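Enquirer: Structure incoming, see below.
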Amino acid sequence: MNQPLAGVSVHIDVQAPLLSEADLAALKLELQDTYGMVVRGINIADKTGDSAASQVVERPRASRPARGDIEKTRVVRETIRSGQTEDFPEGNLIIYGDVNPGGEVSAGGDVIVLGSLRGSAHAGMNGKLTAVIVAMNLVPLQLQIGNYISRPFVGQKSRGYPEIARVGMQDVIIVEEFVKR
Amino acid sequence: MGKVIVVTSGKGGVGKTTSTANLGTALALIGKTVVVIDADVGLRNLDVVMGLENRIVYTSMDVIDNRCELTRALVKDRRVEGLTLLAASQKNNKDDIQPEQMKAICEELRSNNDFVLVDSPAGIESGFRNAAAGADEALVVTTPDVSAIRDADRITGLLQHEGVEPINLVLNRLSPEMVRKGNMVSKDDVVALLNLNLIGVVPEDRGVISSTNRGIPLVHDNSSQAAQAYMRIAKRLTGQRIPIPEIREKGFFSNILEWFSGNR
């Protein structure tokens, strides 16, 4: 998925109080995380119809460690071939190579493949749903984040750019073009 | 000191034995001394493909059990100078040989031969481990279909774990017509996935079946594309740098020529 809206500033202006605060927070999060937009503020019209007090919803950022935190990461400098596995429950996993069909990589945190991911990957193997899977060429047999499993459409071809898989709002695994934050 | 090269694939039926027989013969034809070892104990084939079946007296099992000297167990191929076969026992099974025993045989043979080619059985169990035990290098044979490629990938991982290096790839039975129609995995896709050095591409050739049945390796008659491909691989194994040509589909005229030369 392309991200033509990345970096665009928006103001959410709701004309009727149909959405709860939680809904609005989720909407803001989705605009920021999925589309890379910057939400400046949220206006909710009150019952008289006047555009009233601006309300900025705090964005929960528990998923990102504070600057300075050290996460454990294992770096694997070879291709994971059929029948081979690489598990790192303690943290993130970076593969300097491919993960071939029949190969499996699992990590407690993120899985990053600096090559083609053609096998299976499991991020957040201890239940961390904010974990992501990133690959330069993402054509997996199966992806798993936490306890969510997804598999691509049959005949999925390489798209030629890096992609990221994460758990989206509707509890499904979303795959889209990887764009730096 | 010669090189010990294991010819392996994981999957059965992709052409390990045919490749061993042809490469062994091709290396001998260009003046090298070669021993081909059948490591498929209990299901030996290499002797049949090479047409040496009826001349086997002793096998590698007899050598291991000290019933005969290693040099006496070698069967000479009389059609070409410098080519010998060490046959596998048909009466034993794969667990009757230990990797160290196989390694000892390979070590002894390499001291007075240029090449020792070990024809591995299919599978990843003890038969494969015995075959790979004494090898410095490997030829991984695959055909361009997904199951063979998957098994080649698996076996490559095991070979790398054993420290066998370099591992070269032989892509066998490539049909240019099927690749063009999109029904076959292309050469580039196979190489991209396996990430191995491609040492040769052997085109699909019906001549292989008749040569197997007659017990005369294809390379004795250098007219077919497959025979020429094996000759080129043999030369590359000796260190010559020969580019890999694109395999062309046979045109109308070459079909007619082959018809008249009785080489169909």
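We label chains A, B, ... in the order they appear in the structure tokens, count residues from 1 in each chain, and number ligands from 1 in the order shown.
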Per residue of chain A within 10 Å of chain B, record the nearest atom pair and its distance in Å to one decimal, counting only C-alpha atoms, with rows in chain order and ascending residue number, as CSV.
Expert:
residue,atom,partner,partner_atom,distance
A:Thr79,CA,B:Asn195,CA,8.8
A:Ile80,CA,B:Gly157,CA,7.9
A:Arg81,CA,B:Gly157,CA,5.8
A:Ser82,CA,B:Arg154,CA,4.6
A:Gly83,CA,B:Arg154,CA,5.9
A:Gln84,CA,B:Gly157,CA,7.4
A:Gly97,CA,B:Asn195,CA,9.9
A:Asp98,CA,B:Leu193,CA,8.3
A:Val99,CA,B:Leu193,CA,9.3
A:Asn100,CA,B:Leu193,CA,7.0
A:Pro101,CA,B:Arg150,CA,7.0
A:Gly102,CA,B:Arg150,CA,7.5
A:Gly103,CA,B:Arg154,CA,8.9
A:Ser116,CA,B:Leu193,CA,8.8
A:Arg118,CA,B:Leu193,CA,8.9
Enquirer: Given the selection you just returned, output its residues as a file containing N, CA, C and O atoms, formatted as a PDB file, in the first residue's frame.
Expert:
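Below is the file that was written, selection.pdb:
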ATOM      1  N   THR A  79      21.461 -17.447   5.715  1.00  0.00           N
ATOM      2  CA  THR A  79      20.125 -17.784   5.230  1.00  0.00           C
ATOM      3  C   THR A  79      19.560 -18.953   6.024  1.00  0.00           C
ATOM      4  O   THR A  79      20.265 -19.909   6.330  1.00  0.00           O
ATOM      5  N   ILE A  80      18.289 -18.849   6.401  1.00  0.00           N
ATOM      6  CA  ILE A  80      17.607 -19.950   7.080  1.00  0.00           C
ATOM      7  C   ILE A  80      16.959 -20.809   5.999  1.00  0.00           C
ATOM      8  O   ILE A  80      16.046 -20.366   5.305  1.00  0.00           O
ATOM      9  N   ARG A  81      17.455 -22.019   5.863  1.00  0.00           N
ATOM     10  CA  ARG A  81      16.970 -22.901   4.797  1.00  0.00           C
ATOM     11  C   ARG A  81      15.872 -23.832   5.298  1.00  0.00           C
ATOM     12  O   ARG A  81      15.596 -23.882   6.493  1.00  0.00           O
ATOM     13  N   SER A  82      15.291 -24.575   4.359  1.00  0.00           N
ATOM     14  CA  SER A  82      14.234 -25.520   4.691  1.00  0.00           C
ATOM     15  C   SER A  82      14.674 -26.443   5.824  1.00  0.00           C
ATOM     16  O   SER A  82      15.769 -26.987   5.795  1.00  0.00           O
ATOM     17  N   GLY A  83      13.820 -26.598   6.830  1.00  0.00           N
ATOM     18  CA  GLY A  83      14.130 -27.502   7.935  1.00  0.00           C
ATOM     19  C   GLY A  83      14.920 -26.844   9.046  1.00  0.00           C
ATOM     20  O   GLY A  83      15.111 -27.438  10.097  1.00  0.00           O
ATOM     21  N   GLN A  84      15.396 -25.622   8.810  1.00  0.00           N
ATOM     22  CA  GLN A  84      16.150 -24.937   9.850  1.00  0.00           C
ATOM     23  C   GLN A  84      15.232 -23.973  10.595  1.00  0.00           C
ATOM     24  O   GLN A  84      14.281 -23.449  10.020  1.00  0.00           O
ATOM     25  N   GLY A  97      19.930 -12.336   5.550  1.00  0.00           N
ATOM     26  CA  GLY A  97      19.854 -13.362   4.518  1.00  0.00           C
ATOM     27  C   GLY A  97      18.393 -13.617   4.219  1.00  0.00           C
ATOM     28  O   GLY A  97      17.533 -12.793   4.537  1.00  0.00           O
ATOM     29  N   ASP A  98      18.111 -14.763   3.638  1.00  0.00           N
ATOM     30  CA  ASP A  98      16.733 -15.123   3.322  1.00  0.00           C
ATOM     31  C   ASP A  98      16.195 -16.100   4.363  1.00  0.00           C
ATOM     32  O   ASP A  98      16.952 -16.726   5.092  1.00  0.00           O
ATOM     33  N   VAL A  99      14.882 -16.236   4.401  1.00  0.00           N
ATOM     34  CA  VAL A  99      14.241 -17.347   5.103  1.00  0.00           C
ATOM     35  C   VAL A  99      13.503 -18.131   4.013  1.00  0.00           C
ATOM     36  O   VAL A  99      12.531 -17.652   3.443  1.00  0.00           O
ATOM     37  N   ASN A 100      14.020 -19.304   3.700  1.00  0.00           N
ATOM     38  CA  ASN A 100      13.471 -20.062   2.575  1.00  0.00           C
ATOM     39  C   ASN A 100      12.235 -20.868   2.982  1.00  0.00           C
ATOM     40  O   ASN A 100      12.000 -21.086   4.170  1.00  0.00           O
ATOM     41  N   PRO A 101      11.440 -21.314   2.000  1.00  0.00           N
ATOM     42  CA  PRO A 101      10.257 -22.127   2.314  1.00  0.00           C
ATOM     43  C   PRO A 101      10.655 -23.335   3.168  1.00  0.00           C
ATOM     44  O   PRO A 101      11.630 -24.000   2.866  1.00  0.00           O
ATOM     45  N   GLY A 102       9.907 -23.589   4.228  1.00  0.00           N
ATOM     46  CA  GLY A 102      10.257 -24.680   5.131  1.00  0.00           C
ATOM     47  C   GLY A 102      11.148 -24.227   6.275  1.00  0.00           C
ATOM     48  O   GLY A 102      11.353 -24.960   7.226  1.00  0.00           O
ATOM     49  N   GLY A 103      11.671 -23.023   6.193  1.00  0.00           N
ATOM     50  CA  GLY A 103      12.444 -22.453   7.299  1.00  0.00           C
ATOM     51  C   GLY A 103      11.522 -21.653   8.207  1.00  0.00           C
ATOM     52  O   GLY A 103      10.517 -21.122   7.747  1.00  0.00           O
ATOM     53  N   SER A 116      14.799 -12.111   1.446  1.00  0.00           N
ATOM     54  CA  SER A 116      13.452 -12.568   1.109  1.00  0.00           C
ATOM     55  C   SER A 116      12.901 -13.460   2.221  1.00  0.00           C
ATOM     56  O   SER A 116      13.563 -14.409   2.621  1.00  0.00           O
ATOM     57  N   ARG A 118      10.498 -16.152   2.594  1.00  0.00           N
ATOM     58  CA  ARG A 118       9.660 -17.080   1.820  1.00  0.00           C
ATOM     59  C   ARG A 118       9.115 -18.198   2.705  1.00  0.00           C
ATOM     60  O   ARG A 118       8.302 -18.988   2.278  1.00  0.00           O
TER      61      ARG A 118
END
Enquirer: List as a short mmCIF file (atom, residue, chain, number, x, y, z; two decimals) with C-alpha atoms, in the first residue's frame the protein and nucleic acid residues near Gly12 in chain B, meaning an atom at most 9 Å away when only C-alpha atoms are counted, but skip any in the same chain fewer than 3 places from it.
Expert:
data_model
loop_
_atom_site.label_atom_id
_atom_site.label_comp_id
_atom_site.auth_asym_id
_atom_site.auth_seq_id
_atom_site.Cartn_x
_atom_site.Cartn_y
_atom_site.Cartn_z
CA SER B 9 19.85 -33.90 -3.81
CA GLY B 15 19.34 -37.39 -11.55
CA LYS B 16 22.03 -37.96 -8.90
CA PRO B 121 21.21 -42.00 -1.76
CA ALA B 122 18.04 -39.93 -1.55
CA GLY B 123 16.96 -38.78 1.88
CA ALA B 148 12.97 -30.94 -5.61
#
Enquirer: Please provide the set of residues having any atom within 9 Å of Tyr230 in chain B, restricted to only C-alpha atoms, with same-chain residues fewer than 5 positions apart removed, written as a list in words.
Expert: Ser19, Asn22, Leu23, Ala26, Gly200, Val201, Val202, Leu218, Val219, Gln225 and Lys235 of chain B
Enquirer: So that I can check the surroundings of Gln160 in chain B, please list as a CSV table (one decimal) with N, CA, C and O atoms, in the first residue's frame every protein, DNA and RNA residue that reaches within 10 Å of it, counting only C-alpha atoms and ignoring chain neighbours fewer than 6 positions away.
Expert:
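Saved to around37.csv:
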chain,number,residue,atom,x,y,z
B,138,ALA,N,30.5,-30.5,-2.6
B,138,ALA,CA,29.3,-31.1,-3.0
B,138,ALA,C,28.7,-30.6,-4.3
B,138,ALA,O,28.9,-29.4,-4.6
B,166,PRO,N,33.2,-25.8,-1.3
B,166,PRO,CA,32.0,-25.2,-1.8
B,166,PRO,C,30.9,-26.2,-2.2
B,166,PRO,O,31.1,-27.4,-2.4
B,167,ILE,N,29.7,-25.7,-2.3
B,167,ILE,CA,28.5,-26.4,-2.7
B,167,ILE,C,28.1,-25.9,-4.0
B,167,ILE,O,27.7,-24.7,-4.1
Enquirer: With distances taken over only C-alpha atoms, which of A:Ala121, A:Leu141, A:Ala26, A:Ile70 is nearest to Phe153 in chain A?
Expert: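 Nearest candidate to Phe153 in chain A out of A:Ala121, A:Leu141, A:Ala26, A:Ile70: A:Leu141.
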Enquirer: Write out as a PyMOL selection string which residues come within 12 Å of Val48 in chain B when counting only C-alpha atoms, dropping same-chain ones fewer than 2 positions away.
Expert: chain B and resi 17-18+21+38+43-46+50-56+85+87-88+211-217
Enquirer: What residues in range 57-256 of chain B get the DSSP label alpha helix (DSSP H)? Please answer as a count of residues only.
Expert: 85
Enquirer: Please list as a PyMOL selection string every residue within 6 Å of Gly2 in chain B, counting only C-alpha atoms and excluding residues in the same chain fewer than 5 positions away.
Expert: chain B and resi 110+113-115
Enquirer: Extract, using only C-alpha atoms, all DNA, RNA and protein residues at most 9 Å from range 92-97 of chain B, discarding same-chain residues fewer than 3 positions from it, and format them as a PyMOL selection string.
Expert: chain B and resi 39-43+61+64+88-89+100-102+126-127+130
Enquirer: Mind pulling up the distance from CA of Arg40 in chain A to CA of Val14 in chain A?
Expert: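 Here the two named atoms are 13.8 Å from each other.
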Enquirer: Grab the CA of Val14 in chain B to CA of Leu171 in chain B distance for me, in Å with one decimal place.
Expert: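 These atoms are spaced 9.4 Å apart.
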Enquirer: Could you give me, as a list in words, each residue of range 63-136 of chain B that DSSP assigns to strand (DSSP E) when run on this structure's backbone?
Expert: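 Listing strand (DSSP E) positions across range 63-136 of chain B yields Val75, Lys76, Leu83, Thr84, Leu85, Leu86, Phe115, Val116, Leu117, Val118 and Asp119 of chain B.
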